[in-house]
>>> print(open('structure.cif').read())   # mmCIF, C-alpha atoms (C1' of nucleotides)
data_coords
#
loop_
_atom_site.label_atom_id
_atom_site.label_comp_id
_atom_site.auth_asym_id
_atom_site.auth_seq_id
_atom_site.Cartn_x
_atom_site.Cartn_y
_atom_site.Cartn_z
CA MET A 1 3.51 -15.94 -1.27
CA PRO A 2 5.26 -18.75 -3.10
CA GLN A 3 2.99 -21.45 -4.41
CA PHE A 4 4.97 -24.19 -2.75
CA THR A 5 7.66 -24.38 -0.12
CA ALA A 6 10.52 -26.81 -0.61
CA GLY A 7 8.97 -29.44 1.63
CA GLU A 8 5.56 -29.14 0.08
CA LEU A 9 7.08 -29.65 -3.32
CA GLU A 10 8.83 -32.81 -2.18
CA VAL A 11 5.50 -34.30 -1.22
CA MET A 12 3.76 -33.15 -4.37
CA GLN A 13 6.47 -34.77 -6.48
CA ILE A 14 5.69 -38.12 -4.88
CA LEU A 15 1.98 -37.76 -5.51
CA TRP A 16 2.57 -36.66 -9.09
CA GLU A 17 4.84 -39.58 -9.75
CA HIS A 18 3.07 -42.32 -7.84
CA GLY A 19 -0.55 -41.20 -7.80
CA ALA A 20 -2.88 -41.26 -4.80
CA LYS A 21 -1.28 -42.59 -1.65
CA LYS A 22 -1.70 -42.96 2.08
CA PRO A 23 0.72 -41.07 4.32
CA ALA A 24 2.58 -44.25 5.22
CA GLU A 25 2.97 -45.13 1.56
CA ILE A 26 4.31 -41.69 0.72
CA GLN A 27 6.68 -42.04 3.63
CA ALA A 28 7.87 -45.39 2.31
CA VAL A 29 9.00 -43.96 -1.02
CA PHE A 30 10.18 -40.63 0.34
CA PRO A 31 13.67 -39.75 -0.88
CA ARG A 32 14.85 -39.00 2.65
CA GLU A 33 14.13 -39.81 6.29
CA ILE A 34 10.88 -38.29 7.42
CA LYS A 35 8.65 -39.02 10.38
CA ASN A 36 5.09 -39.98 9.61
CA ALA A 37 3.70 -37.11 11.65
CA ALA A 38 5.98 -34.58 9.96
CA LEU A 39 4.78 -35.77 6.61
CA ARG A 40 1.18 -35.48 7.71
CA SER A 41 1.81 -31.88 8.77
CA VAL A 42 2.89 -31.04 5.25
CA LEU A 43 -0.10 -32.88 3.82
CA ALA A 44 -2.38 -30.87 6.10
CA ILE A 45 -0.93 -27.65 4.74
CA LEU A 46 -1.25 -28.83 1.16
CA LEU A 47 -4.85 -29.76 1.89
CA GLU A 48 -5.48 -26.34 3.35
CA LYS A 49 -3.91 -24.65 0.35
CA GLY A 50 -6.05 -26.76 -1.93
CA HIS A 51 -3.19 -28.50 -3.68
CA VAL A 52 -4.33 -31.96 -2.65
CA THR A 53 -7.62 -33.63 -1.77
CA ARG A 54 -8.15 -36.72 0.33
CA ARG A 55 -10.76 -39.38 0.70
CA GLN A 56 -11.22 -41.89 3.44
CA VAL A 57 -10.52 -45.51 2.57
CA GLY A 58 -11.04 -47.83 5.49
CA LYS A 59 -9.62 -46.02 8.45
CA ALA A 60 -6.98 -44.20 6.45
CA PHE A 61 -6.92 -41.13 4.22
CA VAL A 62 -5.74 -41.41 0.66
CA TYR A 63 -4.23 -38.20 -0.65
CA HIS A 64 -4.56 -37.15 -4.23
CA ALA A 65 -2.79 -34.31 -6.05
CA LYS A 66 -5.29 -31.72 -7.17
CA THR A 67 -2.88 -29.18 -8.60
CA ARG A 68 -1.28 -30.62 -11.68
CA ARG A 69 2.44 -30.96 -12.04
CA ASN A 70 2.60 -28.94 -15.20
CA GLY A 71 0.37 -26.28 -13.75
CA ALA A 72 2.63 -25.94 -10.74
CA PHE A 73 5.62 -25.70 -13.02
CA ARG A 74 3.99 -23.06 -15.15
CA SER A 75 2.95 -20.96 -12.20
CA MET A 76 6.40 -21.11 -10.68
CA ILE A 77 7.86 -20.03 -13.98
CA ALA A 78 5.33 -17.21 -14.06
CA GLU A 79 6.45 -16.17 -10.60
CA LEU A 80 10.05 -16.01 -11.77
CA ALA A 81 8.97 -14.06 -14.83
CA ASP A 82 7.21 -11.56 -12.57
CA GLN A 83 10.38 -11.02 -10.61
CA PHE A 84 12.91 -10.99 -13.41
CA CYS A 85 11.20 -10.50 -16.73
CA GLU A 86 8.50 -7.89 -16.23
CA GLY A 87 5.94 -10.64 -15.96
CA SER A 88 6.55 -12.04 -19.40
CA THR A 89 7.21 -15.74 -19.74
CA ARG A 90 8.20 -15.05 -23.31
CA THR A 91 10.91 -12.67 -22.16
CA LEU A 92 12.05 -15.26 -19.66
CA LEU A 93 12.29 -17.77 -22.45
CA PHE A 94 14.36 -15.38 -24.55
CA ASN A 95 16.68 -14.70 -21.65
CA LEU A 96 17.19 -18.40 -21.13
CA VAL A 97 17.94 -19.05 -24.77
CA GLN A 98 20.54 -16.33 -24.64
CA SER A 99 22.33 -17.50 -21.53
CA GLU A 100 22.24 -21.21 -22.30
CA LYS A 101 25.00 -22.53 -24.47
CA LEU A 102 23.09 -24.42 -27.08
CA SER A 103 24.53 -26.75 -29.66
CA ASP A 104 23.27 -26.60 -33.21
CA ASP A 105 21.37 -29.80 -32.54
CA ASP A 106 19.74 -28.20 -29.53
CA ILE A 107 18.69 -25.26 -31.64
CA ALA A 108 17.21 -27.52 -34.27
CA GLU A 109 15.30 -29.43 -31.60
CA LEU A 110 14.12 -26.17 -30.12
CA GLU A 111 12.86 -25.04 -33.47
CA ARG A 112 11.08 -28.31 -34.07
CA LEU A 113 9.31 -28.16 -30.68
CA ALA A 114 8.36 -24.54 -31.16
CA LYS A 115 6.83 -25.10 -34.55
CA ASP A 116 5.13 -28.28 -33.44
CA THR A 117 3.10 -26.41 -30.87
CA SER A 118 2.74 -22.94 -32.32
CA SER A 119 0.59 -22.71 -35.40
CA SER A 120 -0.57 -25.65 -37.52
CA SER A 121 -2.69 -28.54 -36.31
CA PRO A 122 -1.62 -29.69 -32.85
CA LYS A 123 -2.82 -33.24 -33.35
CA ARG A 124 -0.14 -34.32 -35.74
CA LYS A 125 2.58 -36.37 -34.14
CA LYS A 126 5.41 -35.47 -36.47
CA SER A 127 6.73 -36.55 -39.79
CA MET B 1 16.90 -23.86 0.90
CA PRO B 2 15.74 -21.31 -1.61
CA GLN B 3 18.32 -18.75 -2.56
CA PHE B 4 15.97 -15.89 -1.80
CA THR B 5 12.72 -15.48 0.01
CA ALA B 6 10.08 -13.19 -1.44
CA GLY B 7 11.01 -10.29 0.80
CA GLU B 8 14.70 -10.66 0.19
CA LEU B 9 14.11 -10.59 -3.52
CA GLU B 10 12.11 -7.38 -3.23
CA VAL B 11 15.10 -5.69 -1.66
CA MET B 12 17.58 -7.14 -4.11
CA GLN B 13 15.50 -5.87 -7.01
CA ILE B 14 15.85 -2.34 -5.68
CA LEU B 15 19.61 -2.66 -5.31
CA TRP B 16 19.93 -4.18 -8.77
CA GLU B 17 17.90 -1.45 -10.33
CA HIS B 18 19.13 1.56 -8.38
CA GLY B 19 22.62 0.56 -7.31
CA ALA B 20 24.11 1.01 -3.85
CA LYS B 21 21.76 2.64 -1.38
CA LYS B 22 21.23 3.45 2.26
CA PRO B 23 18.30 1.77 4.03
CA ALA B 24 16.31 4.98 4.05
CA GLU B 25 16.84 5.43 0.34
CA ILE B 26 15.75 1.89 -0.37
CA GLN B 27 12.74 2.50 1.81
CA ALA B 28 11.91 5.63 -0.20
CA VAL B 29 11.66 3.79 -3.50
CA PHE B 30 10.18 0.62 -2.07
CA PRO B 31 7.11 -0.51 -4.01
CA ARG B 32 5.08 -0.87 -0.82
CA GLU B 33 4.85 0.40 2.73
CA ILE B 34 7.69 -0.90 4.84
CA LYS B 35 9.10 0.28 8.13
CA ASN B 36 12.74 1.19 8.22
CA ALA B 37 13.54 -1.38 10.88
CA ALA B 38 11.79 -4.14 8.97
CA LEU B 39 13.78 -3.31 5.90
CA ARG B 40 17.02 -3.34 7.87
CA SER B 41 16.16 -6.80 9.17
CA VAL B 42 15.98 -8.07 5.63
CA LEU B 43 19.24 -6.35 4.77
CA ALA B 44 20.86 -8.01 7.77
CA ILE B 45 19.78 -11.41 6.49
CA LEU B 46 21.02 -10.64 2.99
CA LEU B 47 24.32 -9.54 4.47
CA GLU B 48 24.55 -12.75 6.46
CA LYS B 49 23.78 -14.82 3.39
CA GLY B 50 26.43 -12.94 1.48
CA HIS B 51 24.11 -11.51 -1.13
CA VAL B 52 24.97 -7.91 -0.28
CA THR B 53 27.93 -6.06 1.19
CA ARG B 54 27.91 -2.75 2.97
CA ARG B 55 30.35 0.02 3.63
CA GLN B 56 30.11 2.86 6.06
CA VAL B 57 29.65 6.31 4.56
CA GLY B 58 29.45 8.99 7.18
CA LYS B 59 27.25 7.57 9.87
CA ALA B 60 25.22 5.42 7.55
CA PHE B 61 25.74 2.09 5.81
CA VAL B 62 25.50 1.90 2.07
CA TYR B 63 24.37 -1.50 0.85
CA HIS B 64 25.58 -2.95 -2.36
CA ALA B 65 24.34 -6.03 -4.22
CA LYS B 66 27.04 -8.66 -4.36
CA THR B 67 25.09 -11.43 -6.01
CA ARG B 68 24.32 -10.40 -9.54
CA ARG B 69 20.83 -10.20 -10.87
CA ASN B 70 21.45 -12.57 -13.69
CA GLY B 71 23.24 -14.99 -11.42
CA ALA B 72 20.28 -15.04 -9.07
CA PHE B 73 17.97 -15.61 -11.99
CA ARG B 74 20.07 -18.45 -13.30
CA SER B 75 20.28 -20.16 -9.96
CA MET B 76 16.56 -19.92 -9.40
CA ILE B 77 15.99 -21.40 -12.82
CA ALA B 78 18.41 -24.16 -11.93
CA GLU B 79 16.41 -24.81 -8.77
CA LEU B 80 13.24 -25.16 -10.80
CA ALA B 81 15.02 -27.42 -13.24
CA ASP B 82 16.09 -29.64 -10.34
CA GLN B 83 12.52 -30.00 -9.21
CA PHE B 84 10.78 -30.38 -12.54
CA CYS B 85 13.29 -31.23 -15.24
CA GLU B 86 15.73 -33.73 -13.76
CA GLY B 87 18.16 -30.93 -13.14
CA SER B 88 18.52 -29.95 -16.77
CA THR B 89 18.04 -26.32 -17.68
CA ARG B 90 18.01 -27.43 -21.27
CA THR B 91 15.05 -29.70 -20.61
CA LEU B 92 13.35 -26.85 -18.81
CA LEU B 93 13.88 -24.70 -21.85
CA PHE B 94 12.40 -27.34 -24.11
CA ASN B 95 9.38 -27.69 -21.88
CA LEU B 96 8.82 -23.98 -21.94
CA VAL B 97 9.06 -23.76 -25.68
CA GLN B 98 6.47 -26.50 -25.93
CA SER B 99 3.96 -25.01 -23.55
CA GLU B 100 4.30 -21.40 -24.68
CA LYS B 101 2.24 -20.37 -27.62
CA LEU B 102 4.80 -18.76 -29.85
CA SER B 103 4.11 -16.76 -32.96
CA ASP B 104 6.26 -17.29 -36.02
CA ASP B 105 7.97 -14.01 -35.24
CA ASP B 106 8.74 -15.24 -31.74
CA ILE B 107 10.24 -18.39 -33.16
CA ALA B 108 12.39 -16.41 -35.56
CA GLU B 109 13.55 -14.20 -32.72
CA LEU B 110 14.27 -17.24 -30.62
CA GLU B 111 16.34 -18.74 -33.36
CA ARG B 112 18.26 -15.53 -33.83
CA LEU B 113 19.08 -15.27 -30.12
CA ALA B 114 20.06 -18.90 -29.91
CA LYS B 115 22.44 -18.71 -32.82
CA ASP B 116 23.85 -15.43 -31.65
CA THR B 117 25.10 -16.98 -28.43
CA SER B 118 25.72 -20.60 -29.30
CA SER B 119 28.70 -21.16 -31.51
CA SER B 120 30.65 -18.43 -33.33
CA SER B 121 32.47 -15.55 -31.71
CA PRO B 122 30.50 -14.06 -28.83
CA LYS B 123 31.87 -10.59 -29.35
CA ARG B 124 30.01 -9.82 -32.51
CA LYS B 125 27.05 -7.55 -31.98
CA LYS B 126 24.96 -8.67 -34.90
CA SER B 127 24.68 -8.03 -38.58
"C1'" DC C 1 -13.98 -61.29 21.90
"C1'" DC C 2 -9.27 -59.44 22.34
"C1'" DC C 3 -5.16 -57.64 20.88
"C1'" DC C 4 -2.09 -55.14 17.99
"C1'" DA C 5 -0.54 -52.96 13.97
"C1'" DA C 6 -1.80 -49.12 11.42
"C1'" DG C 7 -3.70 -44.74 11.38
"C1'" DT C 8 -5.25 -40.30 13.09
"C1'" DG C 9 -5.45 -36.02 16.13
"C1'" DC C 10 -3.33 -32.86 18.87
"C1'" DA C 11 -0.19 -29.90 21.32
"C1'" DG C 12 3.68 -27.83 20.98
"C1'" DA C 13 8.91 -27.10 20.16
"C1'" DA C 14 12.40 -25.21 17.00
"C1'" DG C 15 13.96 -22.30 13.45
"C1'" DG C 16 13.59 -18.74 10.00
"C1'" DA C 17 11.42 -14.64 7.97
"C1'" DT C 18 9.10 -10.56 8.79
"C1'" DC C 19 7.94 -6.76 11.41
"C1'" DC C 20 7.96 -3.26 15.22
"C1'" DG C 21 9.24 0.14 19.02
"C1'" DC C 22 12.50 2.31 21.49
"C1'" DA C 23 17.00 3.73 23.14
"C1'" DT C 24 21.16 5.57 21.53
"C1'" DA C 25 24.59 7.79 18.65
"C1'" DT C 26 26.11 11.13 15.17
"C1'" DT C 27 25.79 14.57 11.76
"C1'" DT C 28 24.15 19.09 10.57
"C1'" DA C 29 21.86 23.44 11.10
"C1'" DC C 30 21.48 27.35 13.79
"C1'" DG D 1 26.81 24.45 22.29
"C1'" DT D 2 22.31 22.59 21.41
"C1'" DA D 3 18.46 20.70 19.10
"C1'" DA D 4 16.48 18.37 15.25
"C1'" DA D 5 16.99 15.06 11.91
"C1'" DT D 6 18.99 10.92 10.51
"C1'" DA D 7 20.86 6.32 11.45
"C1'" DT D 8 21.95 2.32 13.85
"C1'" DG D 9 21.50 -1.45 17.62
"C1'" DC D 10 18.76 -4.36 19.86
"C1'" DG D 11 15.17 -7.01 21.99
"C1'" DG D 12 11.40 -9.13 21.05
"C1'" DA D 13 6.58 -10.25 18.94
"C1'" DT D 14 4.36 -12.76 15.30
"C1'" DC D 15 3.70 -15.92 11.67
"C1'" DC D 16 4.73 -19.98 8.91
"C1'" DT D 17 7.06 -24.23 8.07
"C1'" DT D 18 9.00 -28.26 9.69
"C1'" DC D 19 9.39 -31.67 12.99
"C1'" DT D 20 8.36 -34.55 17.27
"C1'" DG D 21 6.09 -37.17 20.97
"C1'" DC D 22 2.17 -39.10 22.67
"C1'" DA D 23 -2.57 -40.38 23.33
"C1'" DC D 24 -6.45 -42.23 21.13
"C1'" DT D 25 -9.12 -44.96 17.62
"C1'" DT D 26 -10.10 -48.65 14.57
"C1'" DG D 27 -9.95 -52.66 11.49
"C1'" DG D 28 -8.76 -57.41 11.22
"C1'" DG D 29 -6.41 -61.83 12.47
"C1'" DG D 30 -6.56 -65.40 15.86
#
>>> encode(input="structure.cif", output="structure tokens")
Amino acid sequence: MPQFTAGELEVMQILWEHGAKKPAEIQAVFPREIKNAALRSVLAILLEKGHVTRRQVGKAFVYHAKTRRNGAFRSMIAELADQFCEGSTRTLLFNLVQSEKLSDDDIAELERLAKDTSSSSPKRKKS
Amino acid sequence: MPQFTAGELEVMQILWEHGAKKPAEIQAVFPREIKNAALRSVLAILLEKGHVTRRQVGKAFVYHAKTRRNGAFRSMIAELADQFCEGSTRTLLFNLVQSEKLSDDDIAELERLAKDTSSSSPKRKKS
DNA sequence: CCCCAAGTGCAGAAGGATCCGCATATTTAC
DNA sequence: GTAAATATGCGGATCCTTCTGCACTTGGGG
């Protein structure tokens, strides 16, 4: 039971990037050819799954992403961790660090980001 | 076009963990109830997709994982990176490091792993 | 008021994944 | 040789996603 299918994700990406939109507007900025009705089918599924809400404006429906982009990302990472890393996102992270070829600069950046969000006060920007 | 569906991944996990197996053997260690014929359907799809091979042993077929576990993991990470991190696994890694709450020990471990695989000779075990 | 562009609802086709039952073949035990 | 157990082949049912055509409704300009 994947959170999102490929097509559903395509639509969510639009909503995340552009905010609330009518079907026709989503269609207008869609990265590929898609029929209005096909798009509305996907929206109906997303609505059913609770990933979007909609409200009527005039005669049209405006769709709004309910599930947040980062939340979707996190949960898909968690799914991968379940399948490959005994459910541990931390283990997944370690695996990635091992298999990625990182430059020294990358490592320094990594360290900076890690420390910035781990302990200490999270409201400091940085030095 | 996801590399693997949920069911396909279930089967691959068995093959990765237990090595080459006959359908009935896979069925025996399967983490849930599954009918032999259903399992063979999945194997047929995996065969078609090229993720497994099979060779006849006696009257039975022994299935063998062709796609490697780590390769599958990497490609699924790459897919996620495409959707959420402009195609960059590095960016994905950075995002993860930011959103995970890491202890100082975790960070140290991370650093160790990163340096162990980045520059320097990759054949050294460790100090 | 009338028309039309914009929007929705609906029914269903197509394709893939998942699952199932049954007929058939082959190995093995006796 | 024969029967039981073990496997495969196959046809097809079911479900979900994706896509399509078409009929119907409605808001707004003239």
>>> closest_atom_pairs(input="structure.cif", of="chain B", to="chain C", cutoff="12 Å", atoms="only C-alpha atoms (C1' of nucleotides)", output="Markdown table")
| residue | atom | partner | partner_atom | distance |
| --- | --- | --- | --- | --- |
| B:Met1 | CA | C:DG16 | C1' | 11.0 |
| B:Phe4 | CA | C:DA17 | C1' | 10.8 |
| B:Thr5 | CA | C:DA17 | C1' | 8.1 |
| B:Ala6 | CA | C:DA17 | C1' | 9.6 |
| B:Gly7 | CA | C:DT18 | C1' | 8.2 |
| B:Glu8 | CA | C:DA17 | C1' | 9.3 |
| B:Glu33 | CA | C:DC19 | C1' | 11.7 |
| B:Ile34 | CA | C:DC19 | C1' | 8.8 |
| B:Lys35 | CA | C:DC19 | C1' | 7.9 |
| B:Asn36 | CA | C:DC20 | C1' | 9.6 |
| B:Ala37 | CA | C:DC20 | C1' | 7.3 |
| B:Ala38 | CA | C:DC19 | C1' | 5.3 |
| B:Leu39 | CA | C:DC19 | C1' | 8.7 |
| B:Arg40 | CA | C:DC19 | C1' | 10.3 |
| B:Ser41 | CA | C:DT18 | C1' | 8.0 |
| B:Val42 | CA | C:DT18 | C1' | 8.0 |
| B:Leu43 | CA | C:DT18 | C1' | 11.7 |
| B:Ala44 | CA | C:DA17 | C1' | 11.5 |
| B:Ile45 | CA | C:DA17 | C1' | 9.1 |
| B:Leu46 | CA | C:DA17 | C1' | 11.5 |
| B:Val57 | CA | C:DT27 | C1' | 11.6 |
| B:Gly58 | CA | C:DT27 | C1' | 8.1 |
| B:Lys59 | CA | C:DT26 | C1' | 6.5 |
| B:Ala60 | CA | C:DT26 | C1' | 9.6 |
>>> atom_distance(input="structure.cif", atom1="CA of Tyr63 in chain B", atom2="CA of Ala20 in chain B")
5.3 Å
>>> resolve_selection(input="structure.cif", expression="the PyMOL selection byres ((chain D) within 10 of (chain B))", output="PyMOL selection string")
chain D and resi 6-8
>>> write_last_selection(input="structure.cif", atoms="C-alpha atoms (C1' of nucleotides)", output="CSV table (one decimal), in the coordinates of the input")
chain,number,residue,atom,x,y,z
D,6,DT,C1',19.0,10.9,10.5
D,7,DA,C1',20.9,6.3,11.4
D,8,DT,C1',22.0,2.3,13.8
>>> resolve_selection(input="structure.cif", expression="the PyMOL selection byres ((chain A) within 10 of (chain B))", output="PyMOL selection string")
chain A and resi 1-2+5-7+9-10+13+69-70+72-74+76-77+80-81+83-85+89-90+92-104+106-119
>>> residues_around(input="structure.cif", residues="His51 in chain A", least_positions_apart="3", cutoff="7 Å", atoms="all atoms listed in the file", output="list in words")
Leu46, Leu47, Ala65, Lys66 and Thr67 of chain A
>>> atom_distance(input="structure.cif", atom1="CA of Val62 in chain B", atom2="C1' of DA3 in chain D")
26.3 Å
>>> axis_aligned_box(input="structure.cif", around="range 11-15 of chain D", padding_each_side="8 Å", output="JSON")
{"center_x": 9.4, "center_y": -11.5, "center_z": 16.8, "size_x": 27.5, "size_y": 24.9, "size_z": 26.3}
>>> atom_distance(input="structure.cif", atom1="CA of Gly71 in chain B", atom2="CA of Glu86 in chain B")
20.3 Å
>>> decode(input="structure.cif", residues="range 36-56 of chain A", atoms="C-alpha atoms", output="mmCIF file, in the first residue's frame")
data_model
loop_
_atom_site.group_PDB
_atom_site.id
_atom_site.type_symbol
_atom_site.label_atom_id
_atom_site.label_comp_id
_atom_site.auth_asym_id
_atom_site.auth_seq_id
_atom_site.Cartn_x
_atom_site.Cartn_y
_atom_site.Cartn_z
ATOM 1 C CA ASN A 36 -8.894 17.182 -18.016
ATOM 2 C CA ALA A 37 -11.025 14.194 -17.085
ATOM 3 C CA ALA A 38 -7.987 11.990 -16.493
ATOM 4 C CA LEU A 39 -6.588 14.582 -14.169
ATOM 5 C CA ARG A 40 -9.869 14.793 -12.313
ATOM 6 C CA SER A 41 -9.821 11.021 -11.824
ATOM 7 C CA VAL A 42 -6.508 11.295 -10.044
ATOM 8 C CA LEU A 43 -7.784 14.204 -7.972
ATOM 9 C CA ALA A 44 -10.796 12.108 -6.978
ATOM 10 C CA ILE A 45 -8.503 9.369 -5.734
ATOM 11 C CA LEU A 46 -6.325 11.828 -3.848
ATOM 12 C CA LEU A 47 -9.463 13.266 -2.287
ATOM 13 C CA GLU A 48 -10.605 9.808 -1.285
ATOM 14 C CA LYS A 49 -7.219 9.019 0.214
ATOM 15 C CA GLY A 50 -7.330 12.269 2.132
ATOM 16 C CA HIS A 51 -4.254 13.777 0.534
ATOM 17 C CA VAL A 52 -6.125 16.785 -0.821
ATOM 18 C CA THR A 53 -9.225 18.755 0.124
ATOM 19 C CA ARG A 54 -11.373 20.886 -2.131
ATOM 20 C CA ARG A 55 -13.731 23.772 -1.758
ATOM 21 C CA GLN A 56 -16.234 25.130 -4.199
#
